[in-house]
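Engineer: So that we are looking at the same thing, I have put the structure below in structure tokens.
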Amino acid sequence: ITSGALPLTEMISGAQQLAKAGQADYARQLYQVWINFNGENPLLFVANFNYSTLLSQLGEEAGAEAALRAALAQNPDFSPARINLGSVLERRGAAKEAVEQWKTGAERLSAVTGDAIEYKITLLKQISRVFSDNLQHESAEAALRQCLDLNPNQRDVAEQFAAVRLAQCKWPIAPDAPRMTRGEFVSKFHPLSACAYGDDPYLHLGLANDYVRKLAASGNEMSDRRNAPIGENRRLRIGYLSSDLRSHAVGYLMVQLFEAHDPSGIEVFAYYCGIPSEDGITQRIKGAAEHWIDIRNMSDDEAAARIAADEIDILVDVNGHTRDARLGVFARRPAPIQVNWLGYPGTMGSPFHHYIIADDWIIPEDLERFYSERVLHLPCYQPNDRKRIIAEKGQTRAEAGLPEDKFVFCCFNAAHKVTRFSFERWLEILRQTPDSVLWLLDYGAETNKRLAAYASERGVDGSRLIPAPKLANPHHLARYPLADLFIDTIPYGAHTTASDALWMGVPVLTLSGRSFAS
């Protein structure tokens with residue numbers, strides 16, 4: 001090695017064998033020695049890149065970053081290193097610098113080759129993801145549009161493109177897709193976006209089933225207890241898998257459910273896959289559930305194996321087709337009974353969710369055929385927290401920027417639920433009630449401005465749309481009574497926000513449709 005005679009390919013192969021055999025320290029030394037004695041090798045950047053991969057696997061992020069910077073110093077056009085460096089920077093909280101690295105990588109790709117196009121698509125995807133995570137939807141949309149222009153057949157990009165359009169209240173959603181027909185675009189919708197696009201339950205079932213077939217093919221069944229009786233002296237074991245057991249709409253709804261289980265008959269397991277959280281909701285759930293298992297850093301195989309080892313009898317999917325869901329865990333069937341409940345307003349369209357919990361209004365009998373799961377009915381499918389904390393002192397109308405002498409309509413649903421169909425009917429209501437205003441969540445400067453302009457173009461003064469800044473939940477609940485009437489979105493209606501309004505004494509006006517979400 002010290003003579004510089006060891007070929008790069010043999011060195012990398014040797015390092016990989018050492019790492020696989022559990023001798024990562026020797027693999028690290030092999031890379032270090034080869035790099036030190038091959039400073040003039042034209043493929044030195046490849047060695048540094050592979051060295052960075054080893055360091056990342058060992059959790060040595062600083063070393064991995066240094067190796068990637070060395071690789072780029074030797075070959076600034078080596079896109080894989082640029083992609084990985086951005087990811088390392090993002091993990092250590094330098095999202096802005098990560099985006100700059102990815103932008104630089106995209107700009108340096110001048111040659112039109114198959115590899116260059118794939119690298120550019122990857123760089124643009126990384127850029128759009130960070131922008132979306134930071135609610136910079138305009139920038140995310142621009143990156144995604146470029147991705148679709150390069151390759152319109154990318155399902156994941158089309159899904160994100162629709163989602164960022166919905167999040168900005170940009171209408172129409174579908175016809176604006178580049179290089180795709182409206183039908184092709186809608187066929188690539190994420191199931192959650194479809195809930196806001198229309199209330200056709202057959203469309204929702206088809207898209208959900210297509211999504212599952214493409215992204216989560218059934219894995220090996222890990223539970224061998226499908227027909228095994230539960231031991232005579234053993235309690236029923238119920239597992240809840242969710243990323244939202246925290247200060248989140250779902251967490252607010254179900255926190256008291258954990259406290260209401262009868263511990264003499266039920267053993268509760270909470271499998272958490274969300275962002276790190278120690279907020280009040282998380283603490284209450286941890287205190288009520290007998291077992292709290294963090295599966296964020298487990299693979300689907302590892303998480304499913306853990307659930308199977310815990311001998312869970314009923315596993316409840318509280319995410320469904322929402323962010324940070326673990327569809328792959330359920331595909332491995334770690335429990336004999338798997339249930340879709342609360343987190344996602346619709347059918348999973350999968351062969352491995354056996355039941356969905358609803359009520360007679362949410363899923364009437366004549367619509368059960370649009371659900372892949374068997375429908376189980378409760379009097380009301382949605383729980384609420386009787387112990388919710390409400391701020392003692394709420395805002396006055398003046399403090400909230402509301403007029404004292406006008407009727408206040410409100411809607412605190414997320415922006416992606418505000419469709420053109422809903423908004424135009426809100427405007428008609430405002431036209432017919434001139435002494436009124438509409439109080440909406442603050443959707444950000446660009447979207448607020450877009451909605452106000454849309455209203456003005458249709459004869460309603462945009463200043464009658466009043467944004468409500470986001471507040472901590474106790475203060476948000478306390479301001480509800482400032483409104484006179486909550487008016488809903490269509491077809492994706494209020495769920496937790498409807499409960500909040502009614503809980504605080506504000507009536508809700510809605511329009512029922514055919515889908516779970518409506």
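Starting from 1 in every chain, residues are counted up; chains themselves are A, B, ... following the order of the structure tokens, and ligands are numbered from 1 as listed.
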Name the residues of segment 19-165 of chain A that come out as helix (DSSP H, G or I) in a backbone DSSP run; write them as a short mmCIF file (atom, residue, chain, number, x, y, z; two decimals) with N, CA, C and O atoms, in the first residue's frame.

Structural biologist:
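The new file states_16.cif reads:
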data_model
loop_
_atom_site.label_atom_id
_atom_site.label_comp_id
_atom_site.auth_asym_id
_atom_site.auth_seq_id
_atom_site.Cartn_x
_atom_site.Cartn_y
_atom_site.Cartn_z
N ALA A 19 -15.02 -4.13 6.54
CA ALA A 19 -16.18 -3.53 7.21
C ALA A 19 -17.28 -4.56 7.40
O ALA A 19 -17.92 -4.63 8.46
N LYS A 20 -17.50 -5.39 6.38
CA LYS A 20 -18.54 -6.41 6.45
C LYS A 20 -18.22 -7.44 7.52
O LYS A 20 -19.12 -8.02 8.15
N ALA A 24 -14.27 -2.50 11.08
CA ALA A 24 -14.37 -1.17 10.48
C ALA A 24 -13.13 -0.33 10.74
O ALA A 24 -12.74 0.48 9.89
N ASP A 25 -12.50 -0.52 11.89
CA ASP A 25 -11.29 0.27 12.18
C ASP A 25 -10.18 -0.03 11.18
O ASP A 25 -9.45 0.87 10.74
N TYR A 26 -10.03 -1.31 10.84
CA TYR A 26 -9.01 -1.67 9.84
C TYR A 26 -9.38 -1.12 8.47
O TYR A 26 -8.51 -0.70 7.69
N ALA A 27 -10.69 -1.13 8.16
CA ALA A 27 -11.13 -0.56 6.87
C ALA A 27 -10.79 0.92 6.83
O ALA A 27 -10.33 1.44 5.80
N ARG A 28 -11.04 1.63 7.94
CA ARG A 28 -10.72 3.05 8.00
C ARG A 28 -9.23 3.28 7.78
O ARG A 28 -8.82 4.16 7.02
N GLN A 29 -8.38 2.46 8.44
CA GLN A 29 -6.94 2.61 8.30
C GLN A 29 -6.49 2.35 6.87
O GLN A 29 -5.59 3.02 6.34
N LEU A 30 -7.14 1.36 6.22
CA LEU A 30 -6.78 1.05 4.83
C LEU A 30 -7.05 2.25 3.94
O LEU A 30 -6.21 2.61 3.10
N TYR A 31 -8.22 2.88 4.10
CA TYR A 31 -8.52 4.08 3.32
C TYR A 31 -7.50 5.18 3.60
O TYR A 31 -6.98 5.83 2.67
N GLN A 32 -7.21 5.42 4.87
CA GLN A 32 -6.32 6.52 5.24
C GLN A 32 -4.93 6.34 4.64
O GLN A 32 -4.35 7.29 4.07
N VAL A 33 -4.41 5.13 4.74
CA VAL A 33 -3.06 4.88 4.21
C VAL A 33 -3.06 5.02 2.69
O VAL A 33 -2.16 5.67 2.11
N TRP A 34 -4.04 4.43 2.02
CA TRP A 34 -4.07 4.51 0.56
C TRP A 34 -4.18 5.97 0.11
O TRP A 34 -3.47 6.39 -0.82
N ILE A 35 -5.04 6.75 0.74
CA ILE A 35 -5.22 8.16 0.37
C ILE A 35 -3.94 8.94 0.60
O ILE A 35 -3.52 9.77 -0.24
N ASN A 36 -3.24 8.67 1.72
CA ASN A 36 -2.00 9.41 2.03
C ASN A 36 -0.89 9.12 1.03
O ASN A 36 -0.06 9.99 0.75
N LEU A 44 -8.33 9.68 -7.00
CA LEU A 44 -8.30 9.91 -5.56
C LEU A 44 -9.67 10.34 -5.03
O LEU A 44 -10.08 9.98 -3.93
N PHE A 45 -10.43 11.09 -5.84
CA PHE A 45 -11.75 11.56 -5.41
C PHE A 45 -12.70 10.39 -5.15
O PHE A 45 -13.57 10.46 -4.28
N VAL A 46 -12.54 9.29 -5.91
CA VAL A 46 -13.38 8.12 -5.69
C VAL A 46 -13.06 7.48 -4.34
O VAL A 46 -13.96 7.06 -3.59
N ALA A 47 -11.78 7.42 -4.01
CA ALA A 47 -11.37 6.87 -2.72
C ALA A 47 -11.95 7.69 -1.57
O ALA A 47 -12.47 7.15 -0.59
N ASN A 48 -11.85 9.02 -1.70
CA ASN A 48 -12.40 9.89 -0.65
C ASN A 48 -13.92 9.73 -0.53
O ASN A 48 -14.47 9.74 0.57
N PHE A 49 -14.56 9.56 -1.68
CA PHE A 49 -16.02 9.40 -1.66
C PHE A 49 -16.41 8.11 -0.93
O PHE A 49 -17.29 8.10 -0.07
N ASN A 50 -15.73 7.00 -1.27
CA ASN A 50 -16.04 5.74 -0.61
C ASN A 50 -15.66 5.77 0.87
O ASN A 50 -16.36 5.18 1.71
N TYR A 51 -14.58 6.47 1.17
CA TYR A 51 -14.16 6.63 2.57
C TYR A 51 -15.25 7.38 3.35
O TYR A 51 -15.59 7.01 4.49
N SER A 52 -15.84 8.39 2.72
CA SER A 52 -16.91 9.15 3.39
C SER A 52 -18.12 8.28 3.68
O SER A 52 -18.77 8.42 4.72
N THR A 53 -18.39 7.34 2.77
CA THR A 53 -19.53 6.43 2.98
C THR A 53 -19.29 5.56 4.21
O THR A 53 -20.20 5.36 5.03
N LEU A 54 -18.08 5.03 4.35
CA LEU A 54 -17.73 4.23 5.53
C LEU A 54 -17.88 5.05 6.80
O LEU A 54 -18.47 4.60 7.79
N LEU A 55 -17.37 6.28 6.78
CA LEU A 55 -17.44 7.14 7.98
C LEU A 55 -18.88 7.45 8.34
O LEU A 55 -19.24 7.50 9.52
N SER A 56 -19.72 7.68 7.34
CA SER A 56 -21.14 7.94 7.61
C SER A 56 -21.79 6.73 8.27
O SER A 56 -22.58 6.86 9.22
N GLN A 57 -21.45 5.53 7.79
CA GLN A 57 -22.00 4.31 8.38
C GLN A 57 -21.56 4.14 9.82
O GLN A 57 -22.29 3.57 10.65
N GLU A 61 -19.84 11.86 11.28
CA GLU A 61 -20.31 12.81 10.28
C GLU A 61 -19.27 13.87 9.93
O GLU A 61 -19.16 14.28 8.78
N ALA A 62 -18.50 14.32 10.92
CA ALA A 62 -17.48 15.35 10.64
C ALA A 62 -16.43 14.80 9.69
O ALA A 62 -15.99 15.48 8.74
N GLY A 63 -16.00 13.57 9.93
CA GLY A 63 -15.02 12.96 9.04
C GLY A 63 -15.58 12.73 7.66
O GLY A 63 -14.88 12.92 6.65
N ALA A 64 -16.85 12.31 7.59
CA ALA A 64 -17.48 12.09 6.29
C ALA A 64 -17.56 13.39 5.50
O ALA A 64 -17.30 13.42 4.28
N GLU A 65 -17.91 14.48 6.19
CA GLU A 65 -17.97 15.79 5.52
C GLU A 65 -16.60 16.19 4.98
O GLU A 65 -16.48 16.67 3.85
N ALA A 66 -15.56 15.97 5.79
CA ALA A 66 -14.20 16.33 5.35
C ALA A 66 -13.79 15.52 4.13
O ALA A 66 -13.19 16.05 3.17
N ALA A 67 -14.12 14.22 4.13
CA ALA A 67 -13.77 13.37 2.99
C ALA A 67 -14.53 13.79 1.73
O ALA A 67 -13.96 13.78 0.62
N LEU A 68 -15.79 14.16 1.87
CA LEU A 68 -16.57 14.61 0.71
C LEU A 68 -16.04 15.93 0.17
O LEU A 68 -15.98 16.14 -1.05
N ARG A 69 -15.64 16.83 1.06
CA ARG A 69 -15.06 18.11 0.60
C ARG A 69 -13.74 17.85 -0.12
O ARG A 69 -13.42 18.52 -1.11
N ALA A 70 -12.98 16.88 0.37
CA ALA A 70 -11.72 16.53 -0.31
C ALA A 70 -12.01 15.97 -1.71
O ALA A 70 -11.33 16.31 -2.68
N ALA A 71 -13.03 15.12 -1.81
CA ALA A 71 -13.39 14.55 -3.12
C ALA A 71 -13.79 15.65 -4.09
O ALA A 71 -13.40 15.62 -5.28
N LEU A 72 -14.55 16.64 -3.62
CA LEU A 72 -14.99 17.73 -4.50
C LEU A 72 -13.85 18.68 -4.84
O LEU A 72 -13.86 19.29 -5.92
N ALA A 73 -12.90 18.81 -3.94
CA ALA A 73 -11.72 19.63 -4.26
C ALA A 73 -10.94 19.00 -5.40
O ALA A 73 -10.37 19.69 -6.25
N GLN A 74 -10.95 17.67 -5.44
CA GLN A 74 -10.23 16.95 -6.50
C GLN A 74 -11.06 16.87 -7.79
O GLN A 74 -10.50 16.84 -8.89
N SER A 79 -20.90 14.58 -9.07
CA SER A 79 -22.23 14.82 -8.48
C SER A 79 -22.56 13.96 -7.27
O SER A 79 -23.17 14.45 -6.31
N PRO A 80 -22.22 12.65 -7.25
CA PRO A 80 -22.54 11.87 -6.05
C PRO A 80 -21.99 12.47 -4.76
O PRO A 80 -22.64 12.45 -3.72
N ALA A 81 -20.77 13.01 -4.83
CA ALA A 81 -20.19 13.64 -3.64
C ALA A 81 -20.95 14.91 -3.27
O ALA A 81 -21.17 15.21 -2.09
N ARG A 82 -21.39 15.66 -4.28
CA ARG A 82 -22.15 16.88 -4.04
C ARG A 82 -23.50 16.53 -3.38
O ARG A 82 -23.94 17.20 -2.44
N ILE A 83 -24.13 15.49 -3.86
CA ILE A 83 -25.42 15.05 -3.29
C ILE A 83 -25.23 14.65 -1.83
O ILE A 83 -25.97 15.09 -0.94
N ASN A 84 -24.22 13.82 -1.55
CA ASN A 84 -24.01 13.33 -0.19
C ASN A 84 -23.56 14.42 0.76
O ASN A 84 -23.94 14.44 1.94
N LEU A 85 -22.74 15.37 0.25
CA LEU A 85 -22.30 16.47 1.11
C LEU A 85 -23.50 17.30 1.55
O LEU A 85 -23.60 17.69 2.72
N GLY A 86 -24.43 17.54 0.64
CA GLY A 86 -25.63 18.27 1.02
C GLY A 86 -26.41 17.54 2.10
O GLY A 86 -26.91 18.16 3.05
N SER A 87 -26.48 16.22 1.99
CA SER A 87 -27.21 15.43 2.99
C SER A 87 -26.53 15.50 4.35
O SER A 87 -27.19 15.62 5.40
N VAL A 88 -25.19 15.44 4.36
CA VAL A 88 -24.45 15.56 5.63
C VAL A 88 -24.69 16.93 6.26
O VAL A 88 -24.92 17.05 7.47
N LEU A 89 -24.64 17.96 5.44
CA LEU A 89 -24.87 19.32 5.95
C LEU A 89 -26.28 19.46 6.51
O LEU A 89 -26.50 20.07 7.56
N GLU A 90 -27.25 18.88 5.81
CA GLU A 90 -28.63 18.97 6.29
C GLU A 90 -28.78 18.29 7.64
O GLU A 90 -29.45 18.80 8.53
N ARG A 91 -28.13 17.13 7.79
CA ARG A 91 -28.26 16.39 9.05
C ARG A 91 -27.68 17.17 10.23
O ARG A 91 -28.14 17.01 11.36
N ALA A 95 -29.17 23.51 6.67
CA ALA A 95 -30.03 23.28 5.50
C ALA A 95 -29.73 24.26 4.37
O ALA A 95 -29.73 23.90 3.20
N LYS A 96 -29.48 25.51 4.73
CA LYS A 96 -29.21 26.52 3.70
C LYS A 96 -27.95 26.17 2.92
O LYS A 96 -27.91 26.25 1.69
N GLU A 97 -26.90 25.77 3.63
CA GLU A 97 -25.65 25.40 2.97
C GLU A 97 -25.84 24.13 2.14
O GLU A 97 -25.24 23.99 1.06
N ALA A 98 -26.69 23.22 2.62
CA ALA A 98 -26.97 22.00 1.86
C ALA A 98 -27.60 22.32 0.52
O ALA A 98 -27.21 21.79 -0.52
N VAL A 99 -28.59 23.22 0.55
CA VAL A 99 -29.25 23.62 -0.70
C VAL A 99 -28.25 24.26 -1.65
O VAL A 99 -28.29 24.03 -2.87
N GLU A 100 -27.35 25.07 -1.12
CA GLU A 100 -26.34 25.72 -1.97
C GLU A 100 -25.45 24.67 -2.65
O GLU A 100 -25.09 24.82 -3.83
N GLN A 101 -25.09 23.63 -1.91
CA GLN A 101 -24.28 22.56 -2.51
C GLN A 101 -25.05 21.89 -3.65
O GLN A 101 -24.50 21.64 -4.73
N TRP A 102 -26.32 21.59 -3.41
CA TRP A 102 -27.12 20.92 -4.45
C TRP A 102 -27.34 21.83 -5.65
O TRP A 102 -27.32 21.37 -6.79
N LYS A 103 -27.55 23.12 -5.40
CA LYS A 103 -27.70 24.06 -6.52
C LYS A 103 -26.41 24.12 -7.35
O LYS A 103 -26.45 24.12 -8.58
N THR A 104 -25.28 24.17 -6.66
CA THR A 104 -24.00 24.19 -7.37
C THR A 104 -23.84 22.94 -8.22
O THR A 104 -23.42 23.00 -9.38
N GLY A 105 -24.20 21.79 -7.64
CA GLY A 105 -24.11 20.54 -8.39
C GLY A 105 -24.98 20.55 -9.63
O GLY A 105 -24.56 20.10 -10.70
N ALA A 106 -26.20 21.07 -9.49
CA ALA A 106 -27.12 21.12 -10.64
C ALA A 106 -26.59 22.05 -11.73
O ALA A 106 -26.70 21.76 -12.93
N GLU A 107 -26.02 23.18 -11.31
CA GLU A 107 -25.52 24.17 -12.27
C GLU A 107 -24.30 23.66 -13.03
O GLU A 107 -24.05 24.06 -14.16
N ARG A 108 -23.51 22.78 -12.40
CA ARG A 108 -22.28 22.31 -13.03
C ARG A 108 -22.54 21.18 -14.03
O ARG A 108 -21.63 20.77 -14.75
N GLY A 114 -27.07 10.53 -19.83
CA GLY A 114 -28.04 9.85 -18.96
C GLY A 114 -27.71 10.04 -17.50
O GLY A 114 -28.58 10.33 -16.68
N ASP A 115 -26.42 9.86 -17.16
CA ASP A 115 -26.01 10.03 -15.76
C ASP A 115 -26.24 11.46 -15.29
O ASP A 115 -26.68 11.69 -14.16
N ALA A 116 -25.90 12.44 -16.14
CA ALA A 116 -26.06 13.84 -15.76
C ALA A 116 -27.52 14.16 -15.46
O ALA A 116 -27.83 14.86 -14.50
N ILE A 117 -28.42 13.64 -16.28
CA ILE A 117 -29.85 13.89 -16.05
C ILE A 117 -30.30 13.28 -14.73
O ILE A 117 -31.01 13.91 -13.95
N GLU A 118 -29.86 12.04 -14.46
CA GLU A 118 -30.24 11.39 -13.20
C GLU A 118 -29.68 12.14 -12.00
O GLU A 118 -30.36 12.30 -10.98
N TYR A 119 -28.42 12.59 -12.10
CA TYR A 119 -27.83 13.35 -11.00
C TYR A 119 -28.59 14.66 -10.78
O TYR A 119 -28.86 15.05 -9.64
N LYS A 120 -28.93 15.32 -11.88
CA LYS A 120 -29.64 16.60 -11.74
C LYS A 120 -31.00 16.38 -11.10
O LYS A 120 -31.43 17.17 -10.24
N ILE A 121 -31.69 15.33 -11.51
CA ILE A 121 -33.00 15.03 -10.90
C ILE A 121 -32.84 14.80 -9.41
O ILE A 121 -33.61 15.31 -8.58
N THR A 122 -31.82 14.03 -9.03
CA THR A 122 -31.59 13.75 -7.60
C THR A 122 -31.30 15.04 -6.84
O THR A 122 -31.83 15.26 -5.74
N LEU A 123 -30.46 15.90 -7.41
CA LEU A 123 -30.14 17.17 -6.76
C LEU A 123 -31.39 18.04 -6.60
O LEU A 123 -31.63 18.64 -5.54
N LEU A 124 -32.21 18.09 -7.63
CA LEU A 124 -33.43 18.91 -7.57
C LEU A 124 -34.42 18.34 -6.55
O LEU A 124 -35.11 19.09 -5.86
N LYS A 125 -34.49 17.01 -6.46
CA LYS A 125 -35.37 16.40 -5.46
C LYS A 125 -34.92 16.78 -4.05
O LYS A 125 -35.75 17.08 -3.18
N GLN A 126 -33.63 16.74 -3.83
CA GLN A 126 -33.12 17.10 -2.50
C GLN A 126 -33.44 18.56 -2.17
O GLN A 126 -33.86 18.89 -1.06
N ILE A 127 -33.25 19.42 -3.16
CA ILE A 127 -33.54 20.84 -2.97
C ILE A 127 -35.02 21.03 -2.65
O ILE A 127 -35.38 21.74 -1.70
N SER A 128 -35.90 20.39 -3.42
CA SER A 128 -37.34 20.58 -3.22
C SER A 128 -37.77 20.05 -1.86
O SER A 128 -38.63 20.64 -1.19
N ARG A 129 -37.17 18.95 -1.42
CA ARG A 129 -37.56 18.37 -0.13
C ARG A 129 -37.23 19.32 1.02
O ARG A 129 -38.05 19.55 1.92
N VAL A 130 -36.03 19.90 0.98
CA VAL A 130 -35.65 20.83 2.06
C VAL A 130 -36.52 22.07 2.03
O VAL A 130 -36.98 22.57 3.07
N PHE A 131 -36.80 22.59 0.84
CA PHE A 131 -37.67 23.76 0.74
C PHE A 131 -39.07 23.43 1.28
O PHE A 131 -39.67 24.23 2.01
N SER A 132 -39.60 22.26 0.94
CA SER A 132 -40.93 21.88 1.43
C SER A 132 -40.94 21.75 2.95
O SER A 132 -41.87 22.19 3.62
N ASP A 133 -39.88 21.12 3.49
CA ASP A 133 -39.80 20.95 4.94
C ASP A 133 -39.77 22.29 5.66
O ASP A 133 -40.22 22.40 6.80
N HIS A 137 -42.67 26.85 -0.26
CA HIS A 137 -43.34 26.08 -1.31
C HIS A 137 -43.08 26.60 -2.72
O HIS A 137 -43.02 25.81 -3.66
N GLU A 138 -42.94 27.91 -2.88
CA GLU A 138 -42.66 28.46 -4.21
C GLU A 138 -41.36 27.89 -4.76
O GLU A 138 -41.28 27.47 -5.91
N SER A 139 -40.31 27.89 -3.92
CA SER A 139 -39.01 27.38 -4.36
C SER A 139 -39.07 25.88 -4.59
O SER A 139 -38.46 25.36 -5.54
N ALA A 140 -39.80 25.17 -3.72
CA ALA A 140 -39.95 23.72 -3.91
C ALA A 140 -40.65 23.43 -5.23
O ALA A 140 -40.25 22.52 -5.97
N GLU A 141 -41.69 24.20 -5.54
CA GLU A 141 -42.43 23.99 -6.78
C GLU A 141 -41.53 24.19 -8.01
O GLU A 141 -41.60 23.42 -8.97
N ALA A 142 -40.68 25.21 -7.96
CA ALA A 142 -39.79 25.48 -9.10
C ALA A 142 -38.84 24.31 -9.34
O ALA A 142 -38.61 23.90 -10.49
N ALA A 143 -38.29 23.74 -8.26
CA ALA A 143 -37.37 22.60 -8.40
C ALA A 143 -38.11 21.37 -8.92
O ALA A 143 -37.62 20.65 -9.79
N LEU A 144 -39.31 21.15 -8.42
CA LEU A 144 -40.10 19.98 -8.85
C LEU A 144 -40.53 20.11 -10.31
O LEU A 144 -40.57 19.12 -11.04
N ARG A 145 -40.84 21.33 -10.73
CA ARG A 145 -41.23 21.55 -12.11
C ARG A 145 -40.07 21.17 -13.05
O ARG A 145 -40.27 20.55 -14.10
N GLN A 146 -38.85 21.53 -12.66
CA GLN A 146 -37.68 21.15 -13.46
C GLN A 146 -37.53 19.62 -13.51
O GLN A 146 -37.20 19.06 -14.55
N CYS A 147 -37.77 18.98 -12.35
CA CYS A 147 -37.68 17.51 -12.31
C CYS A 147 -38.65 16.87 -13.30
O CYS A 147 -38.29 15.95 -14.04
N LEU A 148 -39.88 17.35 -13.29
CA LEU A 148 -40.89 16.78 -14.19
C LEU A 148 -40.59 17.09 -15.65
O LEU A 148 -40.94 16.31 -16.54
N ASP A 149 -39.97 18.22 -15.90
CA ASP A 149 -39.60 18.56 -17.26
C ASP A 149 -38.53 17.59 -17.77
O ASP A 149 -38.52 17.21 -18.94
N LEU A 150 -37.62 17.17 -16.87
CA LEU A 150 -36.57 16.23 -17.25
C LEU A 150 -37.13 14.82 -17.42
O LEU A 150 -36.70 14.07 -18.29
N ARG A 155 -43.29 9.25 -10.29
CA ARG A 155 -44.48 9.31 -9.42
C ARG A 155 -44.23 10.16 -8.18
O ARG A 155 -45.06 10.98 -7.80
N ASP A 156 -43.08 9.97 -7.52
CA ASP A 156 -42.83 10.70 -6.27
C ASP A 156 -42.76 12.20 -6.50
O ASP A 156 -43.23 12.99 -5.68
N VAL A 157 -42.21 12.61 -7.65
CA VAL A 157 -42.11 14.05 -7.95
C VAL A 157 -43.50 14.62 -8.26
O VAL A 157 -43.84 15.71 -7.81
N ALA A 158 -44.30 13.88 -9.03
CA ALA A 158 -45.66 14.34 -9.32
C ALA A 158 -46.47 14.47 -8.04
O ALA A 158 -47.24 15.43 -7.87
N GLU A 159 -46.29 13.52 -7.12
CA GLU A 159 -46.98 13.60 -5.83
C GLU A 159 -46.62 14.88 -5.09
O GLU A 159 -47.50 15.60 -4.59
N GLN A 160 -45.33 15.16 -5.03
CA GLN A 160 -44.88 16.36 -4.31
C GLN A 160 -45.33 17.63 -5.02
O GLN A 160 -45.67 18.62 -4.37
N PHE A 161 -45.31 17.59 -6.35
CA PHE A 161 -45.72 18.77 -7.12
C PHE A 161 -47.18 19.11 -6.82
O PHE A 161 -47.53 20.27 -6.56
N ALA A 162 -48.05 18.10 -6.81
CA ALA A 162 -49.45 18.33 -6.48
C ALA A 162 -49.59 18.85 -5.06
O ALA A 162 -50.38 19.78 -4.78
N ALA A 163 -48.81 18.28 -4.13
CA ALA A 163 -48.91 18.68 -2.72
C ALA A 163 -48.51 20.14 -2.51
O ALA A 163 -49.17 20.86 -1.76
N VAL A 164 -47.43 20.58 -3.19
CA VAL A 164 -47.02 21.97 -2.98
C VAL A 164 -47.98 22.94 -3.66
O VAL A 164 -48.18 24.06 -3.19
N ARG A 165 -48.60 22.52 -4.76
CA ARG A 165 -49.63 23.36 -5.38
C ARG A 165 -50.82 23.51 -4.43
O ARG A 165 -51.35 24.61 -4.24
#

Engineer: Just the residues within 9 Å of segment 459-473 of chain A, please, counting only C-alpha atoms, with nothing from its chain fewer than 3 positions along; format it as JSON, numbers by chain.

Structural biologist: {"A": [247, 389, 390, 391, 400, 401, 402, 412, 427, 428, 430, 431, 436, 437, 438, 439, 440, 441, 442, 443, 444, 448, 449, 451, 452, 453, 454, 455, 456, 476, 477, 478]}

Engineer: Go through segment 314-366 of chain A residue by residue and, counting only C-alpha atoms, keep those with an atom at most 12 Å from segment 252-256 of chain A; for each kept residue give the shortest atom pair and its distance in Å to one decimal, ordered by chain and increasing number, as a Markdown table.

Structural biologist:
| residue | atom | partner | partner_atom | distance |
| --- | --- | --- | --- | --- |
| A:Val318 | CA | A:Met254 | CA | 9.9 |
| A:Trp341 | CA | A:Met254 | CA | 10.9 |
| A:Leu342 | CA | A:Met254 | CA | 8.8 |
| A:Gly343 | CA | A:Leu253 | CA | 10.1 |

Engineer: Please, what distance in Å, to one decimal, runs between atom CA of Asn75 of chain A and atom CA of Leu43 of chain A?

Structural biologist: 9.1 Å

Engineer: Quick one: distance from atom CA of Tyr272 of chain A to atom CA of Ala289 of chain A in Å, one decimal?

Structural biologist: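 Computing it gives 11.7 Å between the two atoms.
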
Engineer: Any chance you could list, as a PyMOL selection string, the residues in segment 109-343 of chain A that come up strand (DSSP E) when DSSP is run on the backbone?

Structural biologist: chain A and resi 236-242+266-272+291-294+314-317+337-340

Engineer: Could you tell me which of A:Leu205, A:Ile230, A:Ile307, A:Leu482 comes closest to Phe516 of chain A if we count only C-alpha atoms?

Structural biologist: A:Leu205

Engineer: Find, counting only C-alpha atoms, the residue in A:Gly320, A:Pro263, A:Gly505, A:Pro351 that gets nearest to Arg332 of chain A.

Structural biologist: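 Smallest distance to Arg332 of chain A is found for A:Pro351.
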
Engineer: Report, in Å with one decimal, the straight-line distance from atom CA of Gln432 of chain A to atom CA of Ile487 of chain A.

Structural biologist: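 Here the two named atoms are 14.7 Å from each other.
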
Engineer: I'd like to know which of A:Pro507, A:Gly14, A:Gly239, A:Pro474 is closest to Phe486 of chain A, using only C-alpha atoms.

Structural biologist: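 Going through A:Pro507, A:Gly14, A:Gly239, A:Pro474 one by one, the smallest distance to Phe486 of chain A is for A:Pro507.
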
Engineer: Using only C-alpha atoms, which residue out of A:Asp385, A:Asp317, A:Asp301, A:Asp210 lies closest to Ile285 of chain A?

Structural biologist: A:Asp385

Engineer: As a ChimeraX atom specification, please: the residues near Tyr492 of chain A (cut-off 8 Å, only C-alpha atoms, same-chain neighbours under 3 positions excluded).

Structural biologist: /A:195-196,199,417,489,517-518

Engineer: What's the 10 Å shell around Leu241 of chain A, counting only C-alpha atoms, without same-chain residues fewer than 2 positions away, as a ChimeraX atom specification?

Structural biologist: /A:238-239,243-245,269-274,293-295,307,315-320,325-326,329-330
